[in-house]
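Heads up, input-v5.txt below (compact mmCIF, C-alpha atoms):
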# COMPACT_ATOMS: atom_id res chain seq x y z
CA MET A 25 92.95 110.09 87.25
CA ARG A 26 95.62 109.03 89.74
CA PHE A 27 95.93 105.66 91.44
CA SER A 28 97.09 104.77 94.93
CA THR A 29 97.18 101.48 96.81
CA PHE A 30 95.50 100.80 100.15
CA HIS A 31 97.07 98.65 102.86
CA LEU A 32 94.98 97.42 105.79
CA PHE A 33 97.72 95.22 107.27
CA HIS A 34 95.20 92.53 108.19
CA ARG A 35 96.89 89.61 109.95
CA PHE A 36 95.67 86.25 108.70
CA ASP A 37 95.82 83.03 110.66
CA GLY A 38 99.37 81.71 110.88
CA GLN A 39 101.07 85.02 110.14
CA SER A 40 103.44 86.72 112.54
CA PHE A 41 103.27 90.48 112.91
CA LYS A 42 106.57 90.77 111.07
CA ASP A 43 105.14 88.66 108.22
CA VAL A 44 102.36 91.23 107.79
CA TYR A 45 104.66 94.24 107.82
CA ASP A 46 107.18 92.66 105.43
CA TYR A 47 104.39 91.65 103.01
CA HIS A 48 102.97 95.15 102.70
CA LEU A 49 106.29 96.96 102.69
CA GLU A 50 107.31 94.87 99.70
CA LEU A 51 104.03 95.82 97.98
CA ILE A 52 104.63 99.50 98.76
CA GLU A 53 108.02 99.28 97.06
CA LEU A 54 106.38 97.54 94.09
CA ALA A 55 103.71 100.25 93.87
CA GLU A 56 106.43 102.85 93.43
CA GLU A 57 108.15 100.71 90.80
CA LEU A 58 104.88 100.33 88.88
CA GLY A 59 104.17 104.06 88.85
CA PHE A 60 101.32 104.31 91.34
CA HIS A 61 100.80 107.84 92.64
CA GLY A 62 100.69 106.92 96.32
CA VAL A 63 99.97 104.46 99.10
CA ARG A 64 97.71 104.81 102.13
CA LEU A 65 97.79 102.78 105.33
CA ALA A 66 94.97 102.01 107.76
CA GLU A 67 95.01 102.47 111.53
CA HIS A 68 93.33 99.93 113.80
CA HIS A 69 93.66 98.70 117.36
CA PHE A 70 93.24 95.61 119.51
CA ARG A 71 92.63 92.93 116.86
CA ASP A 72 94.05 91.36 113.72
CA TYR A 73 91.79 93.39 111.41
CA GLY A 74 94.69 95.84 111.07
CA VAL A 75 97.92 95.74 113.03
CA VAL A 76 99.31 99.26 112.53
CA PRO A 77 98.36 101.31 115.63
CA ASN A 78 100.61 104.26 114.67
CA LEU A 79 100.68 105.05 110.98
CA PHE A 80 103.45 107.63 111.19
CA THR A 81 105.93 105.10 112.58
CA LEU A 82 105.39 102.82 109.61
CA LEU A 83 105.27 105.66 107.07
CA ALA A 84 108.62 106.95 108.33
CA HIS A 85 110.04 103.48 107.68
CA ALA A 86 108.41 103.38 104.23
CA ALA A 87 109.86 106.80 103.45
CA ALA A 88 113.36 105.37 103.84
CA ARG A 89 112.56 102.51 101.45
CA THR A 90 111.03 104.66 98.69
CA GLU A 91 111.91 107.80 96.75
CA ARG A 92 108.92 109.20 94.85
CA ILE A 93 105.61 107.66 95.88
CA ARG A 94 103.20 109.68 98.04
CA LEU A 95 102.83 108.31 101.58
CA GLY A 96 99.37 108.62 103.06
CA THR A 97 97.20 107.77 106.01
CA GLY A 98 93.86 106.22 105.34
CA ILE A 99 92.96 107.16 108.03
CA VAL A 100 94.26 108.56 111.31
CA VAL A 101 91.37 108.17 113.78
CA LEU A 102 91.72 111.61 115.34
CA PRO A 103 89.51 111.11 118.43
CA LEU A 104 91.88 108.37 119.62
CA HIS A 105 94.93 110.67 119.59
CA ASN A 106 96.26 113.83 121.15
CA PRO A 107 96.15 116.23 118.16
CA VAL A 108 99.46 117.82 119.16
CA HIS A 109 101.14 114.44 118.70
CA VAL A 110 99.43 114.01 115.32
CA ALA A 111 100.63 117.43 114.15
CA GLU A 112 104.18 116.71 115.30
CA GLU A 113 104.44 113.16 113.95
CA ALA A 114 102.86 114.06 110.61
CA ALA A 115 105.22 117.01 110.21
CA LEU A 116 108.19 114.77 110.99
CA VAL A 117 107.16 112.23 108.33
CA ASP A 118 106.62 115.05 105.83
CA VAL A 119 110.17 116.32 106.43
CA LEU A 120 111.78 112.86 106.38
CA SER A 121 109.98 111.91 103.17
CA GLY A 122 110.89 115.09 101.32
CA GLY A 123 107.32 116.43 101.39
CA ARG A 124 105.48 113.27 100.36
CA LEU A 125 102.87 113.00 103.13
CA ASP A 126 99.11 112.95 102.45
CA LEU A 127 97.05 113.14 105.66
CA GLY A 128 93.79 111.22 105.61
CA ILE A 129 91.78 111.74 108.79
CA GLY A 130 88.44 110.61 110.17
CA ARG A 131 86.41 110.25 113.33
CA GLY A 132 86.50 106.44 113.34
CA TYR A 133 83.56 104.15 113.96
CA GLN A 134 84.59 100.96 115.74
CA SER A 135 83.01 100.91 119.19
CA PHE A 136 85.50 98.25 120.32
CA GLU A 137 88.42 100.59 119.69
CA PHE A 138 86.81 103.55 121.41
CA GLU A 139 85.97 101.43 124.45
CA GLY A 140 89.59 100.26 124.57
CA PHE A 141 90.75 103.86 124.85
CA GLY A 142 87.99 104.79 127.28
CA ILE A 143 86.49 107.32 124.87
CA ASP A 144 82.77 107.82 124.27
CA LEU A 145 82.00 107.09 120.61
CA ALA A 146 79.16 109.62 120.73
CA GLU A 147 81.82 112.31 121.21
CA ALA A 148 83.73 111.25 118.08
CA ARG A 149 82.57 114.01 115.75
CA ASP A 150 83.10 116.81 118.28
CA ARG A 151 86.51 115.43 119.23
CA PHE A 152 87.43 115.13 115.56
CA ASN A 153 86.45 118.72 114.73
CA GLU A 154 88.34 120.12 117.71
CA ALA A 155 91.41 117.99 117.00
CA LEU A 156 91.45 119.21 113.40
CA GLU A 157 91.29 122.81 114.64
CA VAL A 158 94.35 122.16 116.82
CA ILE A 159 96.35 120.52 114.02
CA LEU A 160 95.63 123.30 111.52
CA GLY A 161 96.42 125.92 114.14
CA LEU A 162 99.77 124.34 114.94
CA TRP A 163 100.62 124.03 111.25
CA THR A 164 99.64 127.56 110.24
CA GLN A 165 100.54 129.75 113.23
CA GLU A 166 104.01 130.47 114.56
CA SER A 167 102.62 130.54 118.08
CA PHE A 168 99.47 128.64 118.98
CA GLN A 169 97.34 128.15 122.07
CA HIS A 170 94.09 126.23 122.44
CA GLU A 171 91.49 125.94 125.18
CA GLY A 172 88.68 123.62 124.19
CA LYS A 173 86.24 121.06 125.50
CA PHE A 174 88.52 118.05 124.94
CA TYR A 175 92.00 119.48 124.34
CA ARG A 176 94.06 122.37 125.60
CA THR A 177 97.61 123.53 125.09
CA GLY A 178 99.91 126.15 126.46
CA GLU A 179 101.35 128.64 124.02
CA VAL A 180 103.54 126.50 121.78
CA SER A 181 105.37 126.58 118.47
CA LEU A 182 105.40 123.35 116.50
CA THR A 183 108.76 121.64 115.95
CA PRO A 184 109.36 120.42 113.29
CA ARG A 185 107.03 122.14 110.88
CA PRO A 186 105.76 120.39 107.73
CA LEU A 187 107.87 120.69 104.60
CA GLN A 188 104.85 121.16 102.32
CA THR A 189 103.23 124.59 102.37
CA PRO A 190 100.96 125.60 103.86
CA TYR A 191 100.73 121.99 105.09
CA PRO A 192 100.34 118.43 103.73
CA PRO A 193 97.16 117.72 101.74
CA ILE A 194 94.29 116.70 104.00
CA HIS A 195 91.40 114.37 103.13
CA VAL A 196 88.47 113.71 105.45
CA ALA A 197 86.81 110.29 105.42
CA ALA A 198 83.18 110.98 104.54
CA VAL A 199 80.25 109.66 102.55
CA SER A 200 77.12 110.57 104.53
CA PRO A 201 75.45 113.74 103.19
CA GLU A 202 75.76 115.53 106.53
CA THR A 203 79.50 114.94 106.85
CA VAL A 204 80.27 115.61 103.18
CA THR A 205 78.39 118.91 103.34
CA MET A 206 80.14 119.92 106.56
CA TYR A 207 83.62 119.54 105.09
CA GLY A 208 82.67 120.64 101.59
CA GLU A 209 81.66 124.00 103.04
CA ARG A 210 85.16 124.26 104.51
CA GLY A 211 86.78 123.27 101.22
CA LEU A 212 88.26 120.12 102.78
CA PRO A 213 88.30 117.29 100.22
CA ILE A 214 86.80 113.91 101.05
CA LEU A 215 88.01 110.33 100.99
CA ALA A 216 84.91 108.29 100.13
CA ASP A 217 84.12 105.04 101.93
CA PRO A 218 85.00 101.72 100.20
CA ALA A 219 81.96 100.03 101.78
CA ALA A 220 79.49 102.48 100.24
CA PRO A 221 77.87 101.51 96.90
CA PHE A 222 78.78 103.35 93.71
CA ARG A 223 75.59 105.42 93.77
CA LYS A 224 76.40 106.73 97.26
CA VAL A 225 79.98 107.72 96.50
CA VAL A 226 78.86 109.39 93.25
CA LYS A 227 76.25 111.29 95.27
CA ALA A 228 78.91 112.21 97.84
CA ALA A 229 81.07 113.81 95.15
CA GLU A 230 78.05 115.72 93.85
CA THR A 231 77.17 116.91 97.36
CA TRP A 232 80.77 117.98 97.98
CA ARG A 233 80.87 120.11 94.83
CA GLU A 234 77.55 121.73 95.70
CA SER A 235 78.74 122.51 99.23
CA ALA A 236 82.22 123.68 98.26
CA GLY A 237 81.03 126.33 95.81
CA THR A 238 84.00 127.52 93.78
CA ALA A 239 86.54 125.46 95.74
CA THR A 240 88.31 122.70 93.85
CA ALA A 241 90.17 119.75 95.30
CA ASP A 242 91.48 116.25 94.72
CA LEU A 243 88.62 113.98 95.81
CA VAL A 244 89.61 110.41 96.68
CA VAL A 245 87.41 107.33 96.39
CA ALA A 246 88.38 103.99 97.88
CA ARG A 247 87.29 100.75 96.22
CA SER A 248 88.07 97.06 96.35
CA VAL A 249 89.79 96.45 93.00
CA HIS A 250 90.48 93.31 91.01
CA VAL A 251 91.25 93.00 87.31
CA ALA A 252 91.67 89.71 85.45
CA PRO A 253 92.27 88.85 81.79
CA THR A 254 88.58 87.98 81.28
CA VAL A 255 85.26 88.79 82.94
CA GLU A 256 84.73 85.09 83.58
CA GLN A 257 88.06 84.81 85.41
CA ALA A 258 87.27 87.89 87.48
CA ARG A 259 83.93 86.38 88.55
CA GLU A 260 85.63 83.12 89.47
CA ASP A 261 88.30 84.98 91.43
CA GLN A 262 85.69 86.97 93.34
CA ALA A 263 83.82 83.82 94.35
CA ARG A 264 87.10 82.23 95.45
CA PHE A 265 88.05 85.27 97.52
CA GLU A 266 84.69 85.36 99.28
CA ALA A 267 84.66 81.64 100.00
CA ALA A 268 88.09 81.86 101.61
CA PHE A 269 87.31 84.68 104.03
CA ASP A 270 84.94 84.93 106.98
CA ARG A 271 83.63 88.47 106.51
CA SER A 272 81.80 88.39 109.83
CA ARG A 273 85.23 88.65 111.49
CA ILE A 274 85.28 92.26 110.27
CA PHE A 275 81.63 93.31 110.13
CA ASN A 276 80.17 92.50 113.53
CA GLU A 277 79.06 94.10 116.79
CA ARG A 278 82.66 94.81 117.82
CA SER A 279 83.21 96.93 114.72
CA ALA A 280 79.73 98.49 114.63
CA PRO A 281 79.34 102.11 115.79
CA ILE A 282 77.21 101.08 118.77
CA ASP A 283 76.78 103.02 122.00
CA PRO A 284 77.32 100.40 124.75
CA LYS A 285 74.97 102.30 127.07
CA THR A 286 71.99 102.00 124.71
CA GLY A 287 72.87 99.10 122.39
CA LYS A 288 71.87 101.33 119.46
CA ALA A 289 73.80 103.40 116.94
CA ALA A 290 75.94 106.00 118.70
CA GLN A 291 74.99 109.62 118.29
CA GLY A 292 76.07 110.85 114.87
CA PHE A 293 76.37 107.34 113.38
CA GLU A 294 72.74 106.68 112.47
CA TYR A 295 73.63 106.70 108.76
CA TYR A 296 75.76 103.57 109.28
CA GLN A 297 73.68 101.73 111.85
CA ASP A 298 72.84 98.70 109.73
CA ARG A 299 76.09 98.18 107.81
CA TYR A 300 78.18 96.52 110.49
CA LEU A 301 75.40 94.46 112.08
CA LYS A 302 74.65 92.43 108.96
CA GLY A 303 77.91 90.53 109.10
CA GLY A 304 78.94 92.08 105.81
CA SER A 305 76.63 89.55 104.19
CA VAL A 306 76.10 91.03 100.75
CA SER A 307 75.86 88.81 97.71
CA ASN A 308 78.61 88.41 95.16
CA ASP A 309 76.23 89.88 92.57
CA PHE A 310 75.77 93.01 94.67
CA ARG A 311 79.52 93.31 95.16
CA TRP A 312 80.02 92.85 91.42
CA GLU A 313 77.47 95.48 90.40
CA GLN A 314 77.53 97.99 93.27
CA LEU A 315 80.69 97.82 95.39
CA GLU A 316 83.82 96.66 93.62
CA VAL A 317 85.87 97.83 90.69
CA ILE A 318 86.22 94.38 89.16
CA GLY A 319 86.27 92.62 85.82
CA ASP A 320 88.43 92.48 82.75
CA PRO A 321 90.42 95.60 81.78
CA ALA A 322 87.61 97.02 79.64
CA ARG A 323 85.01 96.70 82.42
CA VAL A 324 87.36 98.10 85.06
CA ILE A 325 88.28 101.06 82.85
CA GLU A 326 84.57 101.77 82.34
CA GLN A 327 83.86 101.66 86.08
CA ILE A 328 86.76 103.97 86.85
CA GLY A 329 85.49 106.30 84.14
CA VAL A 330 82.20 106.62 86.04
CA LEU A 331 84.07 107.62 89.19
CA LYS A 332 86.19 110.10 87.26
CA ALA A 333 83.10 111.64 85.68
CA ALA A 334 81.58 111.99 89.14
CA GLY A 335 84.47 114.24 90.15
CA PHE A 336 86.96 111.91 91.81
CA SER A 337 90.56 112.38 90.75
CA THR A 338 92.24 109.63 92.80
CA LEU A 339 91.22 105.99 93.08
CA LEU A 340 92.49 104.30 96.23
CA CYS A 341 92.82 100.67 95.19
CA ASP A 342 92.38 97.90 97.74
CA PHE A 343 93.73 94.93 95.83
CA GLY A 344 92.93 92.46 98.56
CA SER A 345 93.32 93.61 102.17
CA THR A 346 91.03 90.84 103.38
CA ARG A 347 92.11 88.20 100.88
CA PRO A 348 94.73 85.66 102.00
CA MET A 349 96.62 86.06 98.74
CA PRO A 350 100.21 84.86 98.37
CA LEU A 351 102.66 87.68 97.78
CA GLU A 352 103.53 86.70 94.22
CA GLU A 353 99.86 86.45 93.25
CA MET A 354 99.20 89.91 94.70
CA LYS A 355 102.16 91.31 92.79
CA LYS A 356 100.80 89.78 89.61
CA VAL A 357 97.41 91.47 90.14
CA MET A 358 99.05 94.85 90.75
CA ARG A 359 101.29 94.52 87.71
CA PHE A 360 98.36 93.57 85.49
CA PHE A 361 96.38 96.61 86.69
CA ALA A 362 99.36 98.91 86.13
CA THR A 363 99.89 97.56 82.61
CA GLU A 364 96.30 97.19 81.39
CA VAL A 365 94.34 99.91 83.23
CA ILE A 366 96.48 102.85 84.33
CA PRO A 367 97.62 103.78 80.78
CA ALA A 368 93.98 104.41 79.80
CA PHE A 369 93.94 107.38 82.19
CA GLN A 370 97.31 108.88 81.42
CA GLU A 371 97.37 112.02 79.34
CA ALA A 372 98.94 111.66 75.94
Let me see whether you can do it: turn the structure in this file into structure tokens.
Amino acid sequence: MRFSTFHLFHRFDGQSFKDVYDYHLELIELAEELGFHGVRLAEHHFRDYGVVPNLFTLLAHAAARTERIRLGTGIVVLPLHNPVHVAEEAALVDVLSGGRLDLGIGRGYQSFEFEGFGIDLAEARDRFNEALEVILGLWTQESFQHEGKFYRTGEVSLTPRPLQTPYPPIHVAAVSPETVTMYGERGLPILADPAAPFRKVVKAAETWRESAGTATADLVVARSVHVAPTVEQAREDQARFEAAFDRSRIFNERSAPIDPKTGKAAQGFEYYQDRYLKGGSVSNDFRWEQLEVIGDPARVIEQIGVLKAAGFSTLLCDFGSTRPMPLEEMKKVMRFFATEVIPAFQEA
């Protein structure tokens, strides 16, 4: 089992944009020092929920401040980008980092972001699939030309080309059975949703294996993670985190996959239609039992063991993207996890 850290770059009240970037860049450097396998950064637009609109710009900067750690996107929202730019920028980061890029991609879901770009959310899946076709074509063919519904190119040759061969590892954000099956059949590994309960991500891994046949891949699962010296302390910490954060600022109509023309779930997003309209109002007990990897080291190791047994080989750890945690406290949490949990999954 490998471990990576997730960075949303949420901007809390009173923080400048530079405060946010400096905070997470320092944590990325610490993650390398502690032996984490990789980091992944989130893309968002138009609000403080995440203030990195172009992941490759920040990853190129992180590449210069690190030496070994994998540098990943989690995720690039493909429908919001020209896929030629994505292929170029990702290749550039792969070269600059010495072949350390992991490309996480997805179709996105936030209606507010799609409206800001003037793109119909109902087209997200079709745009995503076509964009992926363009990126893979540019990365695998010396000369490539595309004429599609949403994108077209002249005959071009990508410059630069990725350092990794045949191209950087790709993970597709997916947890719904339909999406997991679609990409499992293509042998494209998934990055499972942190907001989906354990039973759903375990089922997603099972569905992927059934769909992929003989294909094997590194499946990634994202979870909110917190480990404390005792179970009691972990429960107290969780209650403190929840009391300090207004979750409805994230889970609301602006973030819901809603078609503005109908006021209902956009086409292709029916599986998620309730999640973002409930204000994220799930109980601490539900979060404790069904959503988060949380507890003392023994409990956390047991939970990770369940995910490993399900077929996931990388845990993407969100140690507190939506928690206004002082930098030194966050570093302490990461160090404790690296000392008390990671060794349990290292081969002798």
Axis-aligned box over every listed atom of range 345-358 of chain A, padded by 8 Å per side: centre and edges in Å to one decimal, as lines of an AutoDock Vina configuration file?
center_x = 97.3
center_y = 89.9
center_z = 96.5
size_x = 28.5
size_y = 26.0
size_z = 29.8
What does the structure give for the distance between CA of Val101 in chain A and CA of Ser248 in chain A, in Å to one decimal? 20.9 Å
Using CA of Phe369 in chain A and CA of Met25 in chain A as the two end points, give the distance in Å to one decimal. 5.8 Å
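Ranking A:Gly329, A:Pro184, A:Gly335, A:Pro77 by their shortest atom-to-atom distance to Pro213 in chain A, with all atoms listed in the file included, puts A:Gly335 first.
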From (90.0, 115.0, 104.4), in the file's coordinates, out to 12 Å: which residues are reached, counting all atoms listed in the file? Answer as a PyMOL selection string. chain A and resi 96-102+126-131+152-153+156+192-199+203-204+206-208+210-217+232+241-245
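The space between CA of Gly123 in chain A and CA of Glu57 in chain A spans 19.0 Å.
Nearest-residue note for Glu316 in chain A: choosing from A:Met349, A:Ala229, A:Pro221, A:Lys355, the minimum distance belongs to A:Pro221, counting all atoms listed in the file.
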Selected residue, from A:Gln188, A:Ile328, A:Asn78, A:Ala267, that lies nearest to His109 in chain A when counting all atoms listed in the file: A:Asn78
Near Ser167 in chain A, counting only C-alpha atoms, which residues have an atom at most 7 Å away, once you skip same-chain residues fewer than 6 positions from it, shown as a PyMOL selection string? chain A and resi 179-181
Mind writing the picked residues with C-alpha atoms as a compact mmCIF listing (two decimals), in the coordinates of the input?
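Result file follows (out07.txt):
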# COMPACT_ATOMS: atom_id res chain seq x y z
CA GLU A 179 101.35 128.64 124.02
CA VAL A 180 103.54 126.50 121.78
CA SER A 181 105.37 126.58 118.47
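With only C-alpha atoms as the atoms that count, the minimum distance from Gly237 in chain A to the choices A:Gly161, A:Thr205, A:Ala84, A:Arg92 is reached by A:Thr205.
Proximity ranking of A:Leu331, A:Leu65, A:Val110, A:Val365 relative to Glu230 in chain A places A:Leu331 first, based on only C-alpha atoms.
Closest approach to Leu120 in chain A among A:Ser307, A:Thr189, A:Thr90, A:Thr29: A:Thr90, based on only C-alpha atoms.
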Within 8 Å of Asp320 in chain A, counting all atoms listed in the file, which residues show up once you throw out same-chain ones fewer than 6 positions away? Write them as a PyMOL selection string, please. chain A and resi 251-255+258
Would you list the residues near (98.0, 97.3, 113.6) (no more than 12 Å away, in the coordinates of the file, using only C-alpha atoms) as number ranges by chain? A: 31-35, 40-42, 44-45, 65-82, 137
